[in-house]
file data_34.pdb (PDB, C-alpha atoms (C1' of nucleotides))
MODEL        1
ATOM      1  CA  MET A1166      12.227 -15.249  -4.500
ATOM      2  CA  ARG A1167      10.868 -13.110  -1.690
ATOM      3  CA  ILE A1168       8.543 -10.270  -2.692
ATOM      4  CA  ALA A1169       6.996  -7.617  -0.479
ATOM      5  CA  THR A1170       4.696  -4.618  -0.442
ATOM      6  CA  TRP A1171       4.743  -1.611   1.880
ATOM      7  CA  ASN A1172       2.796   1.631   1.819
ATOM      8  CA  VAL A1173       5.442   3.930   3.304
ATOM      9  CA  ASN A1174       3.330   7.126   3.553
ATOM     10  CA  SER A1175       6.128   9.398   2.249
ATOM     11  CA  LEU A1176       9.379   7.852   1.029
ATOM     12  CA  LYS A1177      11.179  11.027   2.067
ATOM     13  CA  VAL A1178      10.258  10.435   5.705
ATOM     14  CA  ARG A1179      10.491   6.643   5.590
ATOM     15  CA  LEU A1180      13.636   6.079   3.482
ATOM     16  CA  PRO A1181      15.801   5.299   6.544
ATOM     17  CA  GLN A1182      13.241   2.721   7.664
ATOM     18  CA  VAL A1183      13.063   1.158   4.218
ATOM     19  CA  LEU A1184      16.851   0.834   4.169
ATOM     20  CA  ASP A1185      16.943  -0.524   7.743
ATOM     21  CA  TRP A1186      14.231  -3.052   7.001
ATOM     22  CA  LEU A1187      15.907  -4.283   3.815
ATOM     23  CA  LEU A1188      19.278  -4.540   5.585
ATOM     24  CA  GLU A1189      17.755  -6.510   8.451
ATOM     25  CA  GLN A1190      16.234  -8.963   6.006
ATOM     26  CA  GLU A1191      19.678  -9.435   4.446
ATOM     27  CA  LYS A1192      21.228 -10.080   7.867
ATOM     28  CA  ALA A1193      18.512 -12.560   8.749
ATOM     29  CA  GLU A1194      19.309 -14.353   5.478
ATOM     30  CA  THR A1195      15.775 -13.723   4.292
ATOM     31  CA  PRO A1196      16.622 -11.114   1.692
ATOM     32  CA  ILE A1197      13.839  -9.253  -0.063
ATOM     33  CA  ASP A1198      14.276  -9.622  -3.811
ATOM     34  CA  ALA A1199      11.584  -7.147  -4.753
ATOM     35  CA  LEU A1200       9.845  -4.497  -2.648
ATOM     36  CA  CYS A1201       6.832  -2.608  -3.932
ATOM     37  CA  LEU A1202       6.307   0.798  -2.339
ATOM     38  CA  GLN A1203       3.235   3.016  -2.368
ATOM     39  CA  GLU A1204       2.581   6.631  -1.412
ATOM     40  CA  LEU A1205       6.028   7.939  -2.288
ATOM     41  CA  LYS A1206       4.558  11.462  -2.157
ATOM     42  CA  MET A1207       7.456  12.897  -4.179
ATOM     43  CA  PRO A1208       8.122  13.961  -7.771
ATOM     44  CA  ASP A1209      10.483  11.783  -9.828
ATOM     45  CA  ASP A1210      13.413  14.193  -9.457
ATOM     46  CA  LYS A1211      13.309  13.727  -5.669
ATOM     47  CA  TYR A1212      13.372   9.913  -5.831
ATOM     48  CA  PRO A1213      16.344   8.581  -3.773
ATOM     49  CA  LEU A1214      17.736   6.491  -6.611
ATOM     50  CA  ALA A1215      21.372   6.751  -5.510
ATOM     51  CA  GLU A1216      20.727   5.808  -1.863
ATOM     52  CA  LEU A1217      18.748   2.745  -2.899
ATOM     53  CA  GLU A1218      21.363   1.827  -5.498
ATOM     54  CA  SER A1219      24.060   1.992  -2.786
ATOM     55  CA  ALA A1220      21.935  -0.330  -0.666
ATOM     56  CA  GLY A1221      21.921  -2.803  -3.554
ATOM     57  CA  PHE A1222      18.560  -2.126  -5.176
ATOM     58  CA  HIS A1223      17.598  -0.792  -8.570
ATOM     59  CA  SER A1224      14.242   0.877  -9.051
ATOM     60  CA  VAL A1225      11.423   1.494 -11.440
ATOM     61  CA  PHE A1226       9.034   4.160 -10.233
ATOM     62  CA  THR A1227       6.546   6.853 -11.050
ATOM     63  CA  GLY A1228       6.020   9.707  -8.657
ATOM     64  CA  GLN A1229       4.103  12.907  -8.223
ATOM     65  CA  LYS A1230       4.202  15.811  -5.839
ATOM     66  CA  THR A1231       2.352  15.442  -2.514
ATOM     67  CA  TYR A1232       0.216  12.411  -3.347
ATOM     68  CA  ASN A1233       0.429   8.834  -4.630
ATOM     69  CA  GLY A1234       3.589   7.557  -6.324
ATOM     70  CA  VAL A1235       4.739   3.920  -6.569
ATOM     71  CA  ALA A1236       8.025   2.076  -6.978
ATOM     72  CA  ILE A1237       9.432  -1.430  -7.383
ATOM     73  CA  LEU A1238      12.828  -1.957  -5.763
ATOM     74  CA  ALA A1239      14.701  -5.023  -6.996
ATOM     75  CA  ARG A1240      17.814  -6.576  -5.491
ATOM     76  CA  ASN A1241      20.817  -6.230  -7.792
ATOM     77  CA  ALA A1242      22.344  -9.525  -6.637
ATOM     78  CA  THR A1243      19.351 -11.674  -7.603
ATOM     79  CA  MET A1244      17.017  -9.750  -9.868
ATOM     80  CA  ALA A1245      17.314  -9.232 -13.598
ATOM     81  CA  THR A1246      17.084  -5.850 -15.242
ATOM     82  CA  PRO A1247      13.414  -4.834 -15.399
ATOM     83  CA  ALA A1248      11.795  -5.266 -18.796
ATOM     84  CA  ASP A1249       8.507  -4.067 -20.303
ATOM     85  CA  VAL A1250       8.110  -1.308 -17.710
ATOM     86  CA  VAL A1251       4.598   0.136 -17.656
ATOM     87  CA  ARG A1252       3.500   3.200 -15.712
ATOM     88  CA  ASN A1253      -0.222   3.591 -15.027
ATOM     89  CA  ILE A1254      -3.024   1.567 -16.576
ATOM     90  CA  PRO A1255      -2.676   1.658 -20.372
ATOM     91  CA  GLY A1256      -5.640   3.384 -21.990
ATOM     92  CA  TYR A1257      -6.941   4.686 -18.653
ATOM     93  CA  ASP A1258      -6.375   8.421 -18.576
ATOM     94  CA  ASP A1259      -5.413   9.337 -15.015
ATOM     95  CA  PRO A1260      -3.006  11.977 -13.692
ATOM     96  CA  GLN A1261      -2.676  10.078 -10.385
ATOM     97  CA  GLN A1262       0.464   7.949 -10.304
ATOM     98  CA  ARG A1263      -0.755   4.655  -8.856
ATOM     99  CA  VAL A1264       0.691   1.809 -10.935
ATOM    100  CA  VAL A1265       4.094   0.597 -12.045
ATOM    101  CA  ALA A1266       4.784  -2.827 -13.532
ATOM    102  CA  ALA A1267       7.925  -4.592 -14.713
ATOM    103  CA  THR A1268       9.133  -8.052 -15.699
ATOM    104  CA  TYR A1269      12.142  -9.677 -14.003
ATOM    105  CA  GLY A1270      13.157 -12.807 -15.849
ATOM    106  CA  ASP A1271       9.780 -14.425 -16.430
ATOM    107  CA  VAL A1272       8.065 -12.922 -13.393
ATOM    108  CA  ARG A1273       5.741  -9.962 -13.902
ATOM    109  CA  LEU A1274       5.364  -7.674 -10.857
ATOM    110  CA  VAL A1275       2.549  -5.141 -10.714
ATOM    111  CA  CYS A1276       2.782  -2.559  -7.926
ATOM    112  CA  ALA A1277      -0.438  -0.666  -7.265
ATOM    113  CA  TYR A1278      -1.788   1.976  -4.934
ATOM    114  CA  PHE A1279      -5.551   1.560  -5.180
ATOM    115  CA  PRO A1280      -7.685   4.671  -4.631
ATOM    116  CA  ASN A1281      -8.876   5.192  -1.076
ATOM    117  CA  GLY A1282     -12.459   6.040  -1.997
ATOM    118  CA  GLN A1283     -13.098   8.300   1.012
ATOM    119  CA  ALA A1284     -16.780   7.347   1.477
ATOM    120  CA  PRO A1285     -19.300   5.237  -0.471
ATOM    121  CA  ASP A1286     -21.375   8.303  -1.412
ATOM    122  CA  SER A1287     -18.435  10.380  -2.673
ATOM    123  CA  ASP A1288     -17.001  11.187  -6.098
ATOM    124  CA  LYS A1289     -13.775   9.568  -4.953
ATOM    125  CA  PHE A1290     -15.640   6.308  -4.432
ATOM    126  CA  THR A1291     -16.960   6.480  -7.996
ATOM    127  CA  TYR A1292     -13.381   7.030  -9.140
ATOM    128  CA  LYS A1293     -12.260   4.050  -7.048
ATOM    129  CA  LEU A1294     -14.796   1.710  -8.667
ATOM    130  CA  GLY A1295     -13.951   2.938 -12.174
ATOM    131  CA  TRP A1296     -10.262   2.545 -11.477
ATOM    132  CA  LEU A1297     -10.854  -0.999 -10.182
ATOM    133  CA  GLN A1298     -12.731  -1.885 -13.343
ATOM    134  CA  ALA A1299      -9.926  -0.561 -15.559
ATOM    135  CA  MET A1300      -7.316  -2.340 -13.426
ATOM    136  CA  THR A1301      -9.185  -5.653 -13.642
ATOM    137  CA  ALA A1302      -9.554  -5.449 -17.422
ATOM    138  CA  TRP A1303      -5.878  -4.601 -17.864
ATOM    139  CA  LEU A1304      -4.754  -7.388 -15.506
ATOM    140  CA  GLN A1305      -6.733  -9.937 -17.462
ATOM    141  CA  ALA A1306      -4.660  -9.036 -20.529
ATOM    142  CA  GLU A1307      -1.450  -8.936 -18.478
ATOM    143  CA  MET A1308      -2.065 -12.429 -17.110
ATOM    144  CA  ALA A1309      -2.539 -13.771 -20.622
ATOM    145  CA  LYS A1310       0.815 -12.227 -21.537
ATOM    146  CA  TYR A1311       2.676 -13.127 -18.365
ATOM    147  CA  PRO A1312       1.607 -16.412 -16.701
ATOM    148  CA  LYS A1313       3.829 -15.703 -13.680
ATOM    149  CA  LEU A1314       2.251 -12.513 -12.376
ATOM    150  CA  ALA A1315       2.044 -11.003  -8.895
ATOM    151  CA  LEU A1316      -0.083  -7.990  -7.982
ATOM    152  CA  LEU A1317       1.212  -6.282  -4.853
ATOM    153  CA  GLY A1318       0.051  -3.154  -3.147
ATOM    154  CA  ASP A1319      -2.230  -1.152  -0.942
ATOM    155  CA  PHE A1320      -5.635  -2.251  -2.205
ATOM    156  CA  ASN A1321      -7.620  -0.094   0.210
ATOM    157  CA  ILE A1322     -10.044  -3.022   0.486
ATOM    158  CA  ALA A1323     -10.470  -5.384   3.422
ATOM    159  CA  PRO A1324     -11.773  -8.446   1.537
ATOM    160  CA  GLU A1325     -13.610 -10.185   4.371
ATOM    161  CA  ASP A1326     -14.951  -9.493   7.847
ATOM    162  CA  ARG A1327     -12.033 -11.408   9.378
ATOM    163  CA  ASP A1328      -9.788  -8.722   7.863
ATOM    164  CA  VAL A1329     -11.506  -6.083  10.010
ATOM    165  CA  HIS A1330     -10.951  -5.545  13.742
ATOM    166  CA  ASP A1331     -14.583  -4.584  14.342
ATOM    167  CA  PRO A1332     -16.741  -5.741  11.400
ATOM    168  CA  LYS A1333     -19.941  -4.464  12.982
ATOM    169  CA  LYS A1334     -18.604  -0.943  13.391
ATOM    170  CA  TRP A1335     -17.198  -0.957   9.839
ATOM    171  CA  GLU A1336     -20.196  -2.535   8.099
ATOM    172  CA  GLY A1337     -20.966  -0.823   4.793
ATOM    173  CA  GLN A1338     -18.219   1.752   5.209
ATOM    174  CA  ASN A1339     -15.441   2.697   2.838
ATOM    175  CA  LEU A1340     -12.743  -0.031   2.538
ATOM    176  CA  VAL A1341     -15.201  -2.830   3.402
ATOM    177  CA  SER A1342     -18.393  -1.999   1.447
ATOM    178  CA  PRO A1343     -19.993  -4.635  -0.838
ATOM    179  CA  PRO A1344     -19.062  -2.922  -4.152
ATOM    180  CA  GLU A1345     -15.401  -2.819  -3.121
ATOM    181  CA  ARG A1346     -15.447  -6.423  -1.967
ATOM    182  CA  ASP A1347     -17.130  -7.402  -5.235
ATOM    183  CA  ALA A1348     -14.295  -5.669  -7.109
ATOM    184  CA  PHE A1349     -11.777  -7.656  -5.056
ATOM    185  CA  LYS A1350     -13.660 -10.851  -5.934
ATOM    186  CA  ALA A1351     -13.502  -9.872  -9.613
ATOM    187  CA  LEU A1352      -9.702  -9.839  -9.321
ATOM    188  CA  GLN A1353      -9.831 -13.275  -7.697
ATOM    189  CA  ALA A1354     -12.107 -14.455 -10.512
ATOM    190  CA  LEU A1355      -9.253 -13.747 -12.940
ATOM    191  CA  GLY A1356      -7.371 -16.503 -11.122
ATOM    192  CA  LEU A1357      -5.450 -14.265  -8.743
ATOM    193  CA  ALA A1358      -5.093 -15.832  -5.300
ATOM    194  CA  ASP A1359      -4.741 -13.920  -2.030
ATOM    195  CA  ALA A1360      -1.317 -15.237  -0.949
ATOM    196  CA  PHE A1361      -1.981 -14.510   2.726
ATOM    197  CA  ARG A1362      -5.008 -16.812   2.768
ATOM    198  CA  LEU A1363      -3.138 -19.724   1.195
ATOM    199  CA  PHE A1364      -1.811 -20.421   4.694
ATOM    200  CA  GLU A1365      -3.054 -20.689   8.230
ATOM    201  CA  GLN A1366      -2.751 -17.268   9.840
ATOM    202  CA  PRO A1367      -3.188 -15.769  13.282
ATOM    203  CA  GLU A1368      -6.601 -14.295  13.959
ATOM    204  CA  LYS A1369      -6.834 -10.525  13.822
ATOM    205  CA  SER A1370      -4.009 -10.170  11.285
ATOM    206  CA  PHE A1371      -3.896  -6.645   9.906
ATOM    207  CA  SER A1372      -1.574  -4.544   7.727
ATOM    208  CA  TRP A1373      -2.805  -1.038   8.617
ATOM    209  CA  TRP A1374      -3.650   0.707  11.844
ATOM    210  CA  ASP A1375      -4.917   4.272  12.229
ATOM    211  CA  TYR A1376      -2.414   6.682  13.744
ATOM    212  CA  ARG A1377      -5.131   7.881  16.121
ATOM    213  CA  MET A1378      -6.705   6.410  19.225
ATOM    214  CA  PHE A1379      -3.768   4.083  19.981
ATOM    215  CA  ALA A1380      -5.115   1.866  17.205
ATOM    216  CA  PHE A1381      -1.915  -0.195  16.835
ATOM    217  CA  ARG A1382      -1.640  -0.822  20.560
ATOM    218  CA  ARG A1383      -5.270  -1.988  20.549
ATOM    219  CA  ASN A1384      -4.718  -3.932  17.297
ATOM    220  CA  ALA A1385      -7.647  -1.985  15.851
ATOM    221  CA  GLY A1386      -6.589  -2.491  12.257
ATOM    222  CA  LEU A1387      -7.553  -3.648   8.790
ATOM    223  CA  ARG A1388      -5.901  -6.008   6.308
ATOM    224  CA  ILE A1389      -5.876  -3.866   3.174
ATOM    225  CA  ASP A1390      -2.365  -4.542   1.793
ATOM    226  CA  HIS A1391      -2.225  -7.663  -0.315
ATOM    227  CA  ILE A1392      -0.189  -9.909  -2.574
ATOM    228  CA  LEU A1393      -2.248 -11.631  -5.272
ATOM    229  CA  LEU A1394      -0.699 -14.429  -7.317
ATOM    230  CA  SER A1395      -1.494 -15.939 -10.695
ATOM    231  CA  PRO A1396      -1.949 -19.744 -10.701
ATOM    232  CA  ALA A1397       1.654 -20.410 -11.744
ATOM    233  CA  LEU A1398       2.997 -18.369  -8.817
ATOM    234  CA  ARG A1399       0.359 -19.536  -6.334
ATOM    235  CA  ASP A1400       1.535 -23.096  -6.932
ATOM    236  CA  VAL A1401       5.079 -22.194  -5.848
ATOM    237  CA  CYS A1402       4.204 -19.882  -2.949
ATOM    238  CA  HIS A1403       5.625 -21.250   0.315
ATOM    239  CA  ALA A1404       4.672 -18.543   2.782
ATOM    240  CA  CYS A1405       3.016 -15.179   3.215
ATOM    241  CA  VAL A1406       3.373 -13.126   6.369
ATOM    242  CA  ILE A1407       2.698  -9.650   7.685
ATOM    243  CA  ASP A1408       5.787  -8.162   9.335
ATOM    244  CA  ARG A1409       4.467  -5.967  12.136
ATOM    245  CA  VAL A1410       7.921  -4.883  13.313
ATOM    246  CA  PRO A1411       8.252  -1.662  11.260
ATOM    247  CA  ARG A1412       4.908  -0.502  12.674
ATOM    248  CA  THR A1413       6.513  -0.611  16.159
ATOM    249  CA  TRP A1414       9.340   1.753  15.181
ATOM    250  CA  GLU A1415       9.534   5.461  15.943
ATOM    251  CA  GLN A1416       7.609   7.617  13.448
ATOM    252  CA  PRO A1417       6.224   4.619  11.539
ATOM    253  CA  SER A1418       4.105   4.433   8.439
ATOM    254  CA  ASP A1419       0.526   3.532   9.311
ATOM    255  CA  HIS A1420       1.007   0.433   7.083
ATOM    256  CA  THR A1421       3.419  -2.440   7.648
ATOM    257  CA  PRO A1422       5.037  -4.779   5.080
ATOM    258  CA  VAL A1423       3.478  -7.952   3.678
ATOM    259  CA  VAL A1424       5.950 -10.564   2.407
ATOM    260  CA  ALA A1425       5.490 -13.639   0.211
ATOM    261  CA  THR A1426       8.060 -16.364  -0.478
ATOM    262  CA  LEU A1427       8.040 -18.060  -3.871
ATOM    263  CA  ALA A1428      10.049 -21.039  -5.124
ATOM    264  CA  THR A1429      10.670 -19.684  -8.606
ATOM    265  CA  GLY A1430      13.944 -21.487  -9.134
ATOM    266  CA  ALA A1431      15.656 -18.162  -9.704
TER     267      ALA A1431
ATOM    268  C1'  DA B 789     -17.961  12.846  19.676
ATOM    269  C1'  DT B 790     -17.025  14.285  12.164
ATOM    270  C1'  DG B 791     -12.795  14.179  17.140
ATOM    271  C1'  DG B 792      -8.424  11.431  17.536
ATOM    272  C1'  DC B 793      -2.764  11.428  14.107
ATOM    273  C1'  DT B 794       0.565  12.181  10.212
ATOM    274  C1'  DT B 795       2.207  14.294   5.907
ATOM    275  C1'  DC B 796       2.420  17.929   2.614
ATOM    276  C1'  DG B 797       2.115  22.623   1.051
ATOM    277  C1'  DT B 798       3.274  27.459   2.284
ATOM    278  C1'  DT B 799       0.584  27.332   6.656
ATOM    279  C1'  DT B 800       0.006  29.891  10.667
ATOM    280  C1'  DC B 801      -4.613  25.972   8.900
ATOM    281  C1'  DG B 802      -6.681  22.916   5.259
ATOM    282  C1'  DA B 803      -6.710  18.691   2.635
ATOM    283  C1'  DA B 804      -6.154  13.876   2.439
ATOM    284  C1'  DG B 805      -5.368   9.547   4.066
ATOM    285  C1'  DA B 806      -8.085   4.995   5.800
TER     286       DA B 806
ENDMDL
END
call {"tool": "encode", "arguments": {"input": "data_34.pdb", "output": "structure tokens"}}
result
Amino acid sequence: MRIATWNVNSLKVRLPQVLDWLLEQEKAETPIDALCLQELKMPDDKYPLAELESAGFHSVFTGQKTYNGVAILARNATMATPADVVRNIPGYDDPQQRVVAATYGDVRLVCAYFPNGQAPDSDKFTYKLGWLQAMTAWLQAEMAKYPKLALLGDFNIAPEDRDVHDPKKWEGQNLVSPPERDAFKALQALGLADAFRLFEQPEKSFSWWDYRMFAFRRNAGLRIDHILLSPALRDVCHACVIDRVPRTWEQPSDHTPVVATLATGA
DNA sequence: ATGGCTTCGTTTCGAAGA
């Protein structure tokens, strides 16, 4: 099973790229079985269900106008009907649509768009830390229920200095600050492993580059999009890569996909 | 250098992203 995450920064704008990318994976015989999307930026009635269905993918999603919105696309040919669909963090009252989860066979996929946080001294940062705490508590219960669990998404946290193009310049700032990194470690302490770091990787591997200042050309990026795996899935993970190609396309998202390959037997 | 770029809303620029 190949699973992926991609913050598309507007599904309306990026739908053709999502379809192109999925089709290319099919042609390369490395089909994506499940793709988690973040920042749909559209209400549910604008979700391109039919187009994705024609491309061979069914969806679970939760959207909102202008901001946020998440979806899990699953390949009809290989993926079971989603069960136990959950939208948002149960018991955590939040109008922002940032989480959707579903079970495919015995694999639980959690797609999340973590709050940005804006700046460590802002109200949005306080919201980010509270959200992270609620997410961590809920995931602990989810992992007890579903041993084969993957958490995919835009975490808006660069876990270590090697995930930052210029650690000195970024020190203490939003996305890299100690409280955020501690929250990431709390997720790891649940037993969730950073799939990307299970393997040897090129130096300066990033998943996001600012649109400004030719950041992609200079590889001035951050690794903030992640796939975290429960022990049962970590043990069967064969590869995890960042696919930089969509970031090279015309009118790209500022994020690029992260892909993990699992030997689930399905 | 609080800029730089992109998206959305309903604008004729502001907010937000990261």
call {"tool": "resolve_selection", "arguments": {"input": "data_34.pdb", "expression": "the PyMOL selection byres ((chain A) within 7 of (chain B))", "output": "list in words"}}
result
Thr1231, Asn1281, Tyr1376, Arg1377 and Met1378 of chain A
call {"tool": "residues_around", "arguments": {"input": "data_34.pdb", "residues": "stretch 1406-1408 of chain A", "least_positions_apart": "4", "cutoff": "7 Å", "atoms": "all atoms listed in the file", "output": "list in words"}}
result
Phe1361, Ser1372, Thr1421, Pro1422, Val1423, Val1424 and Ala1425 of chain A
call {"tool": "resolve_selection", "arguments": {"input": "data_34.pdb", "expression": "the PyMOL selection byres ((chain A and resi 1171) around 7)", "output": "list in words"}}
result
Ala1169, Thr1170, Asn1172, Val1173, Cys1201, Leu1202, Gln1203, His1420, Thr1421, Pro1422 and Val1423 of chain A
call {"tool": "atom_distance", "arguments": {"input": "data_34.pdb", "atom1": "atom CA of A:Asp1210", "atom2": "atom CA of A:Gly1228"}}
result
8.7 Å
call {"tool": "residues_around", "arguments": {"input": "data_34.pdb", "residues": "A:Thr1227", "least_positions_apart": "3", "cutoff": "7 Å", "atoms": "all atoms listed in the file", "output": "PDB file with C-alpha atoms, in the coordinates of the input"}}
result
ATOM      1  CA  ASP A1209      10.483  11.783  -9.828  1.00  0.00           C
ATOM      2  CA  GLY A1234       3.589   7.557  -6.324  1.00  0.00           C
ATOM      3  CA  VAL A1235       4.739   3.920  -6.569  1.00  0.00           C
ATOM      4  CA  ALA A1236       8.025   2.076  -6.978  1.00  0.00           C
ATOM      5  CA  ARG A1252       3.500   3.200 -15.712  1.00  0.00           C
ATOM      6  CA  GLN A1262       0.464   7.949 -10.304  1.00  0.00           C
ATOM      7  CA  VAL A1265       4.094   0.597 -12.045  1.00  0.00           C
TER       8      VAL A1265
END
call {"tool": "resolve_selection", "arguments": {"input": "data_34.pdb", "expression": "the PyMOL selection byres ((chain A and resi 1182) around 10)", "output": "PyMOL selection string"}}
result
chain A and resi 1173+1176+1178-1181+1183-1188+1411+1414-1418
call {"tool": "residues_around", "arguments": {"input": "data_34.pdb", "residues": "stretch 1344-1349 of chain A", "least_positions_apart": "2", "cutoff": "12 Å", "atoms": "all atoms listed in the file", "output": "number ranges by chain"}}
result
A: 1279-1282, 1284-1286, 1290-1302, 1320-1326, 1328, 1336-1342, 1351-1359, 1389, 1391, 1393
call {"tool": "axis_aligned_box", "arguments": {"input": "data_34.pdb", "around": "stretch 1418-1429 of chain A", "padding_each_side": "4 Å", "output": "lines of an AutoDock Vina configuration file"}}
result
center_x = 5.6
center_y = -8.3
center_z = 0.4
size_x = 18.1
size_y = 33.5
size_z = 25.9
call {"tool": "closest_residue", "arguments": {"input": "data_34.pdb", "among": "A:Trp1373, A:Tyr1311, A:Phe1379, A:Tyr1212", "to": "A:Ser1395", "atoms": "all atoms listed in the file"}}
result
A:Tyr1311
call {"tool": "atom_distance", "arguments": {"input": "data_34.pdb", "atom1": "atom CA of A:Leu1387", "atom2": "atom CA of A:Trp1374"}}
result
6.6 Å
call {"tool": "closest_residue", "arguments": {"input": "data_34.pdb", "among": "A:Pro1196, A:Pro1396, A:Pro1312, A:Pro1260", "to": "A:Arg1273", "atoms": "only C-alpha atoms"}}
result
A:Pro1312
call {"tool": "atom_distance", "arguments": {"input": "data_34.pdb", "atom1": "atom CA of A:Pro1255", "atom2": "atom CA of A:Asp1198"}}
result
26.2 Å
call {"tool": "residues_around", "arguments": {"input": "data_34.pdb", "residues": "A:Leu1274", "least_positions_apart": "3", "cutoff": "9 Å", "atoms": "all atoms listed in the file", "output": "ChimeraX atom specification"}}
result
/A:1199,1201,1237,1265-1269,1313-1317
